[in-house]
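Enquirer: Below is my_file_28.cif; it holds mmCIF, C-alpha atoms.
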data_upload
loop_
_atom_site.label_atom_id
_atom_site.label_comp_id
_atom_site.auth_asym_id
_atom_site.auth_seq_id
_atom_site.Cartn_x
_atom_site.Cartn_y
_atom_site.Cartn_z
CA MET A 616 -33.25 3.03 -5.40
CA ILE A 617 -32.23 0.86 -2.47
CA LYS A 618 -35.11 -0.59 -0.46
CA VAL A 619 -34.82 -1.29 3.27
CA TYR A 620 -37.39 -3.47 4.97
CA GLY A 621 -37.64 -2.90 8.71
CA SER A 622 -38.56 -0.05 11.03
CA ALA A 623 -36.31 2.18 13.10
CA TYR A 624 -37.34 -0.01 16.03
CA SER A 625 -35.75 -3.10 14.53
CA ARG A 626 -32.26 -4.07 13.38
CA ALA A 627 -33.02 -2.06 10.25
CA SER A 628 -32.12 1.05 12.26
CA MET A 629 -28.44 0.09 11.90
CA VAL A 630 -28.85 -0.15 8.14
CA MET A 631 -30.63 3.19 7.87
CA CYS A 632 -28.01 4.89 10.04
CA VAL A 633 -25.28 3.63 7.73
CA LEU A 634 -27.16 4.72 4.60
CA GLU A 635 -27.80 8.16 6.08
CA THR A 636 -24.14 8.51 7.07
CA LEU A 637 -23.02 7.57 3.56
CA GLY A 638 -25.58 9.87 1.94
CA VAL A 639 -27.22 7.05 -0.01
CA GLU A 640 -30.89 7.45 -0.87
CA TYR A 641 -33.24 4.63 0.05
CA GLU A 642 -36.88 3.75 0.40
CA ASN A 643 -37.99 2.37 3.73
CA PHE A 644 -40.72 -0.17 4.37
CA PRO A 645 -41.17 0.20 8.15
CA PHE A 646 -42.12 -3.33 9.13
CA ASN A 647 -41.86 -4.13 12.81
CA PRO A 648 -40.50 -7.47 14.06
CA ARG A 649 -43.11 -10.26 14.15
CA SER A 650 -45.55 -8.04 12.27
CA GLU A 651 -48.01 -9.10 9.61
CA GLY A 652 -45.81 -7.62 6.91
CA THR A 653 -42.91 -9.92 7.74
CA GLN A 654 -45.15 -12.96 7.38
CA ALA A 655 -46.58 -11.97 4.00
CA GLU A 656 -45.76 -14.17 1.03
CA ALA A 657 -44.16 -11.30 -0.89
CA TYR A 658 -41.76 -10.55 1.97
CA ARG A 659 -40.97 -14.22 2.57
CA ALA A 660 -39.98 -14.43 -1.10
CA LEU A 661 -37.28 -11.85 -0.32
CA ASN A 662 -36.32 -13.17 3.11
CA PRO A 663 -37.42 -16.74 3.89
CA THR A 664 -36.60 -16.28 7.59
CA GLY A 665 -39.33 -13.66 7.99
CA LYS A 666 -36.93 -11.57 10.04
CA LEU A 667 -35.62 -8.02 9.64
CA PRO A 668 -33.90 -6.28 7.99
CA THR A 669 -33.81 -7.06 4.29
CA LEU A 670 -32.07 -4.89 1.71
CA VAL A 671 -32.79 -4.81 -2.01
CA ASP A 672 -30.22 -3.08 -4.22
CA ASP A 673 -31.08 -3.61 -7.89
CA ASP A 674 -30.80 -7.38 -8.38
CA LEU A 675 -29.21 -8.03 -5.00
CA VAL A 676 -31.47 -9.18 -2.18
CA LEU A 677 -29.56 -9.37 1.07
CA TRP A 678 -30.51 -10.23 4.64
CA GLU A 679 -28.57 -10.59 7.89
CA SER A 680 -27.72 -7.24 9.44
CA GLN A 681 -23.95 -7.48 9.44
CA ALA A 682 -23.78 -8.74 5.87
CA ILE A 683 -25.84 -5.73 4.82
CA LEU A 684 -23.66 -3.30 6.77
CA PHE A 685 -20.42 -4.74 5.37
CA TYR A 686 -21.83 -4.61 1.85
CA LEU A 687 -22.96 -1.01 2.11
CA ALA A 688 -19.66 0.20 3.53
CA ARG A 689 -17.66 -1.63 0.88
CA LYS A 690 -19.83 -0.56 -2.07
CA TYR A 691 -20.82 2.98 -1.11
CA GLY A 692 -18.47 3.99 1.67
CA ALA A 693 -15.62 5.64 -0.25
CA GLN A 694 -13.43 5.10 2.85
CA GLN A 695 -16.27 5.98 5.24
CA LEU A 696 -17.35 3.49 7.91
CA TRP A 697 -14.72 0.96 6.80
CA VAL A 698 -11.04 0.39 7.42
CA GLU A 699 -7.92 0.77 5.31
CA THR A 700 -5.75 -2.31 5.80
CA LEU A 701 -6.29 -6.05 5.79
CA GLU A 702 -5.20 -6.17 9.41
CA GLN A 703 -7.80 -3.58 10.40
CA GLU A 704 -10.41 -5.47 8.39
CA ALA A 705 -9.63 -8.65 10.32
CA ASP A 706 -9.97 -6.68 13.56
CA LEU A 707 -13.34 -5.33 12.44
CA TYR A 708 -14.55 -8.85 11.69
CA ARG A 709 -13.14 -10.09 14.98
CA TRP A 710 -15.00 -7.60 17.18
CA SER A 711 -18.18 -7.64 15.10
CA LEU A 712 -18.32 -11.42 15.29
CA PHE A 713 -17.41 -11.42 18.97
CA ILE A 714 -20.42 -9.25 19.73
CA SER A 715 -22.62 -11.22 17.37
CA ASN A 716 -21.56 -14.69 18.49
CA GLN A 717 -20.94 -14.20 22.21
CA ILE A 718 -23.24 -11.36 23.30
CA GLU A 719 -26.09 -10.76 20.86
CA ALA A 720 -28.30 -13.77 21.66
CA ALA A 721 -28.20 -13.12 25.41
CA ALA A 722 -28.78 -9.39 24.90
CA LEU A 723 -31.80 -10.01 22.67
CA ASP A 724 -33.25 -12.63 25.02
CA MET A 725 -33.17 -10.09 27.84
CA LEU A 726 -34.90 -7.44 25.77
CA LEU A 727 -37.61 -9.82 24.55
CA ALA A 728 -38.16 -11.21 28.05
CA VAL A 729 -39.08 -7.72 29.20
CA LYS A 730 -40.89 -6.60 26.06
CA TYR A 731 -43.13 -9.66 25.80
CA ALA A 732 -43.52 -10.48 29.49
CA ALA A 733 -46.93 -12.01 30.10
CA ASP A 734 -48.94 -9.76 32.42
CA GLY A 735 -45.74 -7.86 33.14
CA GLN A 736 -44.18 -10.87 34.86
CA VAL A 737 -40.58 -11.07 33.66
CA ASP A 738 -38.88 -14.47 33.73
CA GLN A 739 -36.19 -13.58 36.26
CA THR A 740 -34.51 -16.99 35.90
CA LEU A 741 -33.93 -16.24 32.22
CA ILE A 742 -32.66 -12.74 33.01
CA ASP A 743 -30.24 -14.11 35.61
CA ASP A 744 -28.97 -16.76 33.20
CA ARG A 745 -28.38 -14.27 30.39
CA THR A 746 -26.73 -11.87 32.83
CA LYS A 747 -24.18 -14.59 33.57
CA VAL A 748 -23.43 -14.83 29.85
CA LEU A 749 -22.89 -11.07 29.62
CA SER A 750 -20.76 -11.10 32.74
CA ARG A 751 -18.46 -13.62 31.08
CA PHE A 752 -17.87 -11.66 27.87
CA LEU A 753 -18.39 -7.97 28.70
CA PRO A 754 -15.09 -7.70 30.62
CA VAL A 755 -13.28 -8.60 27.38
CA LEU A 756 -15.02 -5.78 25.52
CA GLU A 757 -14.56 -3.38 28.44
CA GLN A 758 -10.81 -3.94 28.42
CA HIS A 759 -10.65 -3.48 24.67
CA LEU A 760 -12.52 -0.16 24.80
CA GLN A 761 -10.30 1.35 27.47
CA GLY A 762 -8.99 4.61 25.99
CA ARG A 763 -10.85 4.07 22.71
CA GLU A 764 -13.74 6.02 21.23
CA TYR A 765 -14.56 3.43 18.59
CA LEU A 766 -14.43 -0.33 18.27
CA VAL A 767 -11.70 -0.59 15.63
CA ALA A 768 -9.15 1.49 13.74
CA ASP A 769 -9.73 4.64 15.83
CA LYS A 770 -12.63 5.64 13.58
CA LEU A 771 -16.37 5.22 13.28
CA THR A 772 -17.22 2.06 11.35
CA VAL A 773 -20.20 -0.15 10.69
CA ALA A 774 -19.01 -2.28 13.61
CA ASP A 775 -19.91 0.56 15.98
CA PHE A 776 -23.45 0.90 14.65
CA HIS A 777 -24.05 -2.82 15.02
CA GLY A 778 -22.28 -3.26 18.35
CA ALA A 779 -23.78 -0.29 20.17
CA ALA A 780 -27.29 -1.24 19.05
CA VAL A 781 -26.85 -4.77 20.36
CA LEU A 782 -25.43 -3.63 23.71
CA ALA A 783 -28.30 -1.18 24.13
CA TRP A 784 -30.79 -4.07 24.28
CA PRO A 785 -29.92 -5.35 27.76
CA LYS A 786 -29.77 -1.74 28.96
CA LEU A 787 -33.37 -1.32 27.83
CA ALA A 788 -34.16 -4.45 29.81
CA GLY A 789 -32.72 -2.93 32.98
CA PHE A 790 -29.18 -4.31 32.87
CA SER A 791 -26.68 -1.99 34.55
CA PHE A 792 -23.40 -1.12 32.86
CA ASP A 793 -22.00 0.48 36.01
CA GLN A 794 -19.20 -2.10 36.09
CA TYR A 795 -18.37 -1.35 32.45
CA PRO A 796 -17.87 2.42 32.12
CA ALA A 797 -15.94 2.22 28.84
CA ILE A 798 -18.72 0.20 27.23
CA ALA A 799 -21.38 2.51 28.64
CA ALA A 800 -19.57 5.59 27.27
CA TRP A 801 -19.17 3.94 23.87
CA ILE A 802 -22.88 3.04 23.68
CA ARG A 803 -23.86 6.61 24.61
CA ARG A 804 -21.40 8.04 22.08
CA ILE A 805 -22.73 5.99 19.16
CA LEU A 806 -26.42 6.31 20.03
CA ALA A 807 -26.03 10.10 20.39
CA LEU A 808 -24.73 10.54 16.84
CA PRO A 809 -26.90 12.99 14.87
CA VAL A 810 -27.69 10.29 12.32
CA GLN A 811 -29.32 8.19 15.04
CA LYS A 812 -31.63 11.05 15.91
CA LEU A 813 -32.37 11.58 12.21
CA VAL A 814 -33.46 7.97 11.72
CA ARG A 815 -35.65 8.06 14.84
CA ALA A 816 -37.17 11.38 13.73
CA LYS A 817 -38.07 9.92 10.34
CA ALA A 818 -39.77 7.02 12.06
CA ALA A 819 -41.91 9.42 14.05
CA VAL A 820 -43.26 11.18 10.95
#
Go through the file and emit its structure as structure tokens.

Expert:
Amino acid sequence: MIKVYGSAYSRASMVMCVLETLGVEYENFPFNPRSEGTQAEAYRALNPTGKLPTLVDDDLVLWESQAILFYLARKYGAQQLWVETLEQEADLYRWSLFISNQIEAAALDMLLAVKYAADGQVDQTLIDDRTKVLSRFLPVLEQHLQGREYLVADKLTVADFHGAAVLAWPKLAGFSFDQYPAIAAWIRRILALPVQKLVRAKAAV
């Protein structure tokens, strides 16, 4: 059985959502980021970065969220959560990597700045700096999502699970998407999928 290391409150939530959508059974080890479990020698033998998530599928040990998502869709998807043509595949990589390379670091910095603020004092200089980064790249994504429900190929793919999760981070940190209604609608659409609620419900048990 597939093993997934990481809780529903980490990047592992994307992985679990994909597995649930594809109907693939898995065992979850609900480690939280920066927890004792991620620093244990046994876990570091699987993932030397000590980060989450990690997936074990028979002899394959895989880390890095997007690599895991791409692998699961290609191996178990049977045309679900993936695309049909090489051109669409290139588009999926393009938008996934755009979010990962241009937006994700700033989005995560904002979330962590709020989550781990000492004595509740948020580093506003950091928030302002990362907001400038988002303000540079979000208009590109906003234009792309005009009239679209999903990121690529007019269908739900792994790129949506990854992208919407990443864009939710600055929202949790208080960033307003009022200037980006298409992005805001897309985030709400993906996070409201029944599978998202299922993964969160399992985490609450």

Enquirer: With all atoms listed in the file as the counted atoms, please give the residues lying no more than 9 Å from A:Lys666, apart from itself and same-chain residues fewer than 3 positions off, as a PDB file with C-alpha atoms, in the coordinates of the input.

Expert:
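Produced file selection.pdb, reproduced below:
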ATOM      1  CA  GLY A 621     -37.640  -2.900   8.710  1.00  0.00           C
ATOM      2  CA  PRO A 648     -40.500  -7.470  14.060  1.00  0.00           C
ATOM      3  CA  ARG A 649     -43.110 -10.260  14.150  1.00  0.00           C
ATOM      4  CA  THR A 653     -42.910  -9.920   7.740  1.00  0.00           C
ATOM      5  CA  GLN A 654     -45.150 -12.960   7.380  1.00  0.00           C
ATOM      6  CA  ARG A 659     -40.970 -14.220   2.570  1.00  0.00           C
ATOM      7  CA  ASN A 662     -36.320 -13.170   3.110  1.00  0.00           C
ATOM      8  CA  PRO A 663     -37.420 -16.740   3.890  1.00  0.00           C
ATOM      9  CA  THR A 669     -33.810  -7.060   4.290  1.00  0.00           C
ATOM     10  CA  TRP A 678     -30.510 -10.230   4.640  1.00  0.00           C
ATOM     11  CA  GLU A 679     -28.570 -10.590   7.890  1.00  0.00           C
TER      12      GLU A 679
END

Enquirer: Would you please work out which residue, of A:Ala688, A:Ala720, A:Val676, A:Leu701, is nearest to A:Thr636 when using all atoms listed in the file?

Expert: A:Ala688

Enquirer: Rounded to one decimal in Å, what is the spacing between atom CA of A:Ser622 and atom CA of A:Phe646?

Expert: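 Those two atoms sit 5.2 Å apart.
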
Enquirer: Could you tell me which of A:Asp672, A:Gln695, A:Gln739, A:Ala783 comes closest to A:Glu719 if we count only C-alpha atoms?

Expert: A:Ala783

Enquirer: When the PyMOL selection byres ((chain A and resi 675) around 12) is applied to the file above, which residues end up in the set, as a PyMOL selection string?

Expert: chain A and resi 616-618+661-662+669-674+676-678+683+686-687

Enquirer: Would you give me, as a tab-separated table, each residue of stretch 627-715 of chain A having an atom within 12 Å of an atom of stretch 749-760 of chain A, along with its shortest atom pair and that distance in Å to one decimal, using all atoms listed in the file and sorting by chain and residue number?

Expert:
residue	atom	partner	partner_atom	distance
A:Asp706	CA	A:His759	CA	11.6
A:Arg709	CA	A:Leu756	CA	11.5
A:Trp710	CA	A:Leu756	CA	8.5
A:Ser711	CA	A:Leu756	CA	11.0
A:Phe713	CA	A:Phe752	CA	8.9
A:Ile714	CA	A:Leu756	CA	8.6
A:Ser715	CA	A:Phe752	CA	11.5

Enquirer: A:Val767: which residues within 8 Å, counting all atoms listed in the file, same-chain residues fewer than 4 positions away excluded, as a VMD selection string?

Expert: chain A and resid 703 706 to 707 710 771 to 772 774

Enquirer: How would the residues just picked look written out with C-alpha atoms as a compact mmCIF listing (two decimals), in the coordinates of the input?

Expert:
# COMPACT_ATOMS: atom_id res chain seq x y z
CA GLN A 703 -7.80 -3.58 10.40
CA ASP A 706 -9.97 -6.68 13.56
CA LEU A 707 -13.34 -5.33 12.44
CA TRP A 710 -15.00 -7.60 17.18
CA LEU A 771 -16.37 5.22 13.28
CA THR A 772 -17.22 2.06 11.35
CA ALA A 774 -19.01 -2.28 13.61

Enquirer: Hey, could you patch up stretch 736-761 of chain A with N, CA, C and O atoms and hand it over as an mmCIF file, in the frame of the given file?

Expert:
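Output below, filename rebuild_39.cif:
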data_model
loop_
_atom_site.group_PDB
_atom_site.id
_atom_site.type_symbol
_atom_site.label_atom_id
_atom_site.label_comp_id
_atom_site.auth_asym_id
_atom_site.auth_seq_id
_atom_site.Cartn_x
_atom_site.Cartn_y
_atom_site.Cartn_z
ATOM 1 N N GLN A 736 -44.999 -10.004 34.016
ATOM 2 C CA GLN A 736 -44.180 -10.870 34.860
ATOM 3 C C GLN A 736 -42.950 -11.343 34.086
ATOM 4 O O GLN A 736 -43.037 -12.236 33.246
ATOM 5 N N VAL A 737 -41.818 -10.744 34.365
ATOM 6 C CA VAL A 737 -40.580 -11.070 33.660
ATOM 7 C C VAL A 737 -40.007 -12.382 34.216
ATOM 8 O O VAL A 737 -40.023 -12.611 35.433
ATOM 9 N N ASP A 738 -39.527 -13.218 33.331
ATOM 10 C CA ASP A 738 -38.880 -14.470 33.730
ATOM 11 C C ASP A 738 -37.510 -14.151 34.306
ATOM 12 O O ASP A 738 -36.530 -14.025 33.578
ATOM 13 N N GLN A 739 -37.437 -13.998 35.612
ATOM 14 C CA GLN A 739 -36.190 -13.580 36.260
ATOM 15 C C GLN A 739 -35.111 -14.651 36.138
ATOM 16 O O GLN A 739 -33.921 -14.329 36.089
ATOM 17 N N THR A 740 -35.507 -15.913 36.073
ATOM 18 C CA THR A 740 -34.510 -16.990 35.900
ATOM 19 C C THR A 740 -33.788 -16.826 34.576
ATOM 20 O O THR A 740 -32.561 -16.972 34.509
ATOM 21 N N LEU A 741 -34.543 -16.485 33.533
ATOM 22 C CA LEU A 741 -33.930 -16.240 32.220
ATOM 23 C C LEU A 741 -33.006 -15.032 32.287
ATOM 24 O O LEU A 741 -31.885 -15.067 31.751
ATOM 25 N N ILE A 742 -33.481 -13.952 32.905
ATOM 26 C CA ILE A 742 -32.660 -12.740 33.010
ATOM 27 C C ILE A 742 -31.361 -13.035 33.736
ATOM 28 O O ILE A 742 -30.274 -12.609 33.314
ATOM 29 N N ASP A 743 -31.436 -13.786 34.827
ATOM 30 C CA ASP A 743 -30.240 -14.110 35.610
ATOM 31 C C ASP A 743 -29.267 -14.959 34.789
ATOM 32 O O ASP A 743 -28.047 -14.746 34.849
ATOM 33 N N ASP A 744 -29.822 -15.895 34.029
ATOM 34 C CA ASP A 744 -28.970 -16.760 33.200
ATOM 35 C C ASP A 744 -28.256 -15.957 32.126
ATOM 36 O O ASP A 744 -27.044 -16.129 31.897
ATOM 37 N N ARG A 745 -28.992 -15.073 31.464
ATOM 38 C CA ARG A 745 -28.380 -14.270 30.390
ATOM 39 C C ARG A 745 -27.400 -13.240 30.960
ATOM 40 O O ARG A 745 -26.423 -12.884 30.313
ATOM 41 N N THR A 746 -27.660 -12.785 32.176
ATOM 42 C CA THR A 746 -26.730 -11.870 32.830
ATOM 43 C C THR A 746 -25.383 -12.558 33.057
ATOM 44 O O THR A 746 -24.321 -11.933 32.917
ATOM 45 N N LYS A 747 -25.416 -13.836 33.401
ATOM 46 C CA LYS A 747 -24.180 -14.590 33.570
ATOM 47 C C LYS A 747 -23.383 -14.656 32.272
ATOM 48 O O LYS A 747 -22.150 -14.562 32.276
ATOM 49 N N VAL A 748 -24.093 -14.809 31.161
ATOM 50 C CA VAL A 748 -23.430 -14.830 29.850
ATOM 51 C C VAL A 748 -22.742 -13.489 29.596
ATOM 52 O O VAL A 748 -21.569 -13.432 29.201
ATOM 53 N N LEU A 749 -23.475 -12.401 29.827
ATOM 54 C CA LEU A 749 -22.890 -11.070 29.620
ATOM 55 C C LEU A 749 -21.704 -10.846 30.542
ATOM 56 O O LEU A 749 -20.683 -10.273 30.129
ATOM 57 N N SER A 750 -21.828 -11.299 31.770
ATOM 58 C CA SER A 750 -20.760 -11.100 32.740
ATOM 59 C C SER A 750 -19.491 -11.854 32.364
ATOM 60 O O SER A 750 -18.395 -11.493 32.803
ATOM 61 N N ARG A 751 -19.635 -12.878 31.559
ATOM 62 C CA ARG A 751 -18.460 -13.620 31.080
ATOM 63 C C ARG A 751 -17.726 -12.864 29.983
ATOM 64 O O ARG A 751 -16.495 -12.829 29.958
ATOM 65 N N PHE A 752 -18.495 -12.232 29.073
ATOM 66 C CA PHE A 752 -17.870 -11.660 27.870
ATOM 67 C C PHE A 752 -17.698 -10.143 27.911
ATOM 68 O O PHE A 752 -16.818 -9.614 27.225
ATOM 69 N N LEU A 753 -18.518 -9.431 28.667
ATOM 70 C CA LEU A 753 -18.390 -7.970 28.700
ATOM 71 C C LEU A 753 -17.038 -7.483 29.216
ATOM 72 O O LEU A 753 -16.535 -6.464 28.718
ATOM 73 N N PRO A 754 -16.410 -8.163 30.193
ATOM 74 C CA PRO A 754 -15.090 -7.700 30.620
ATOM 75 C C PRO A 754 -14.055 -7.675 29.485
ATOM 76 O O PRO A 754 -13.165 -6.825 29.476
ATOM 77 N N VAL A 755 -14.200 -8.576 28.532
ATOM 78 C CA VAL A 755 -13.280 -8.600 27.380
ATOM 79 C C VAL A 755 -13.468 -7.330 26.554
ATOM 80 O O VAL A 755 -12.496 -6.671 26.151
ATOM 81 N N LEU A 756 -14.731 -6.988 26.298
ATOM 82 C CA LEU A 756 -15.020 -5.780 25.520
ATOM 83 C C LEU A 756 -14.651 -4.531 26.307
ATOM 84 O O LEU A 756 -14.132 -3.561 25.729
ATOM 85 N N GLU A 757 -14.902 -4.532 27.608
ATOM 86 C CA GLU A 757 -14.560 -3.380 28.440
ATOM 87 C C GLU A 757 -13.066 -3.100 28.384
ATOM 88 O O GLU A 757 -12.642 -1.943 28.226
ATOM 89 N N GLN A 758 -12.257 -4.129 28.491
ATOM 90 C CA GLN A 758 -10.810 -3.940 28.420
ATOM 91 C C GLN A 758 -10.386 -3.402 27.069
ATOM 92 O O GLN A 758 -9.525 -2.507 26.974
ATOM 93 N N HIS A 759 -10.999 -3.931 26.021
ATOM 94 C CA HIS A 759 -10.650 -3.480 24.670
ATOM 95 C C HIS A 759 -10.976 -2.006 24.465
ATOM 96 O O HIS A 759 -10.229 -1.285 23.792
ATOM 97 N N LEU A 760 -12.081 -1.534 25.031
ATOM 98 C CA LEU A 760 -12.520 -0.160 24.800
ATOM 99 C C LEU A 760 -11.856 0.866 25.716
ATOM 100 O O LEU A 760 -12.107 2.066 25.570
ATOM 101 N N GLN A 761 -11.025 0.410 26.618
ATOM 102 C CA GLN A 761 -10.300 1.350 27.470
ATOM 103 C C GLN A 761 -9.483 2.303 26.611
ATOM 104 O O GLN A 761 -8.641 1.894 25.812
#
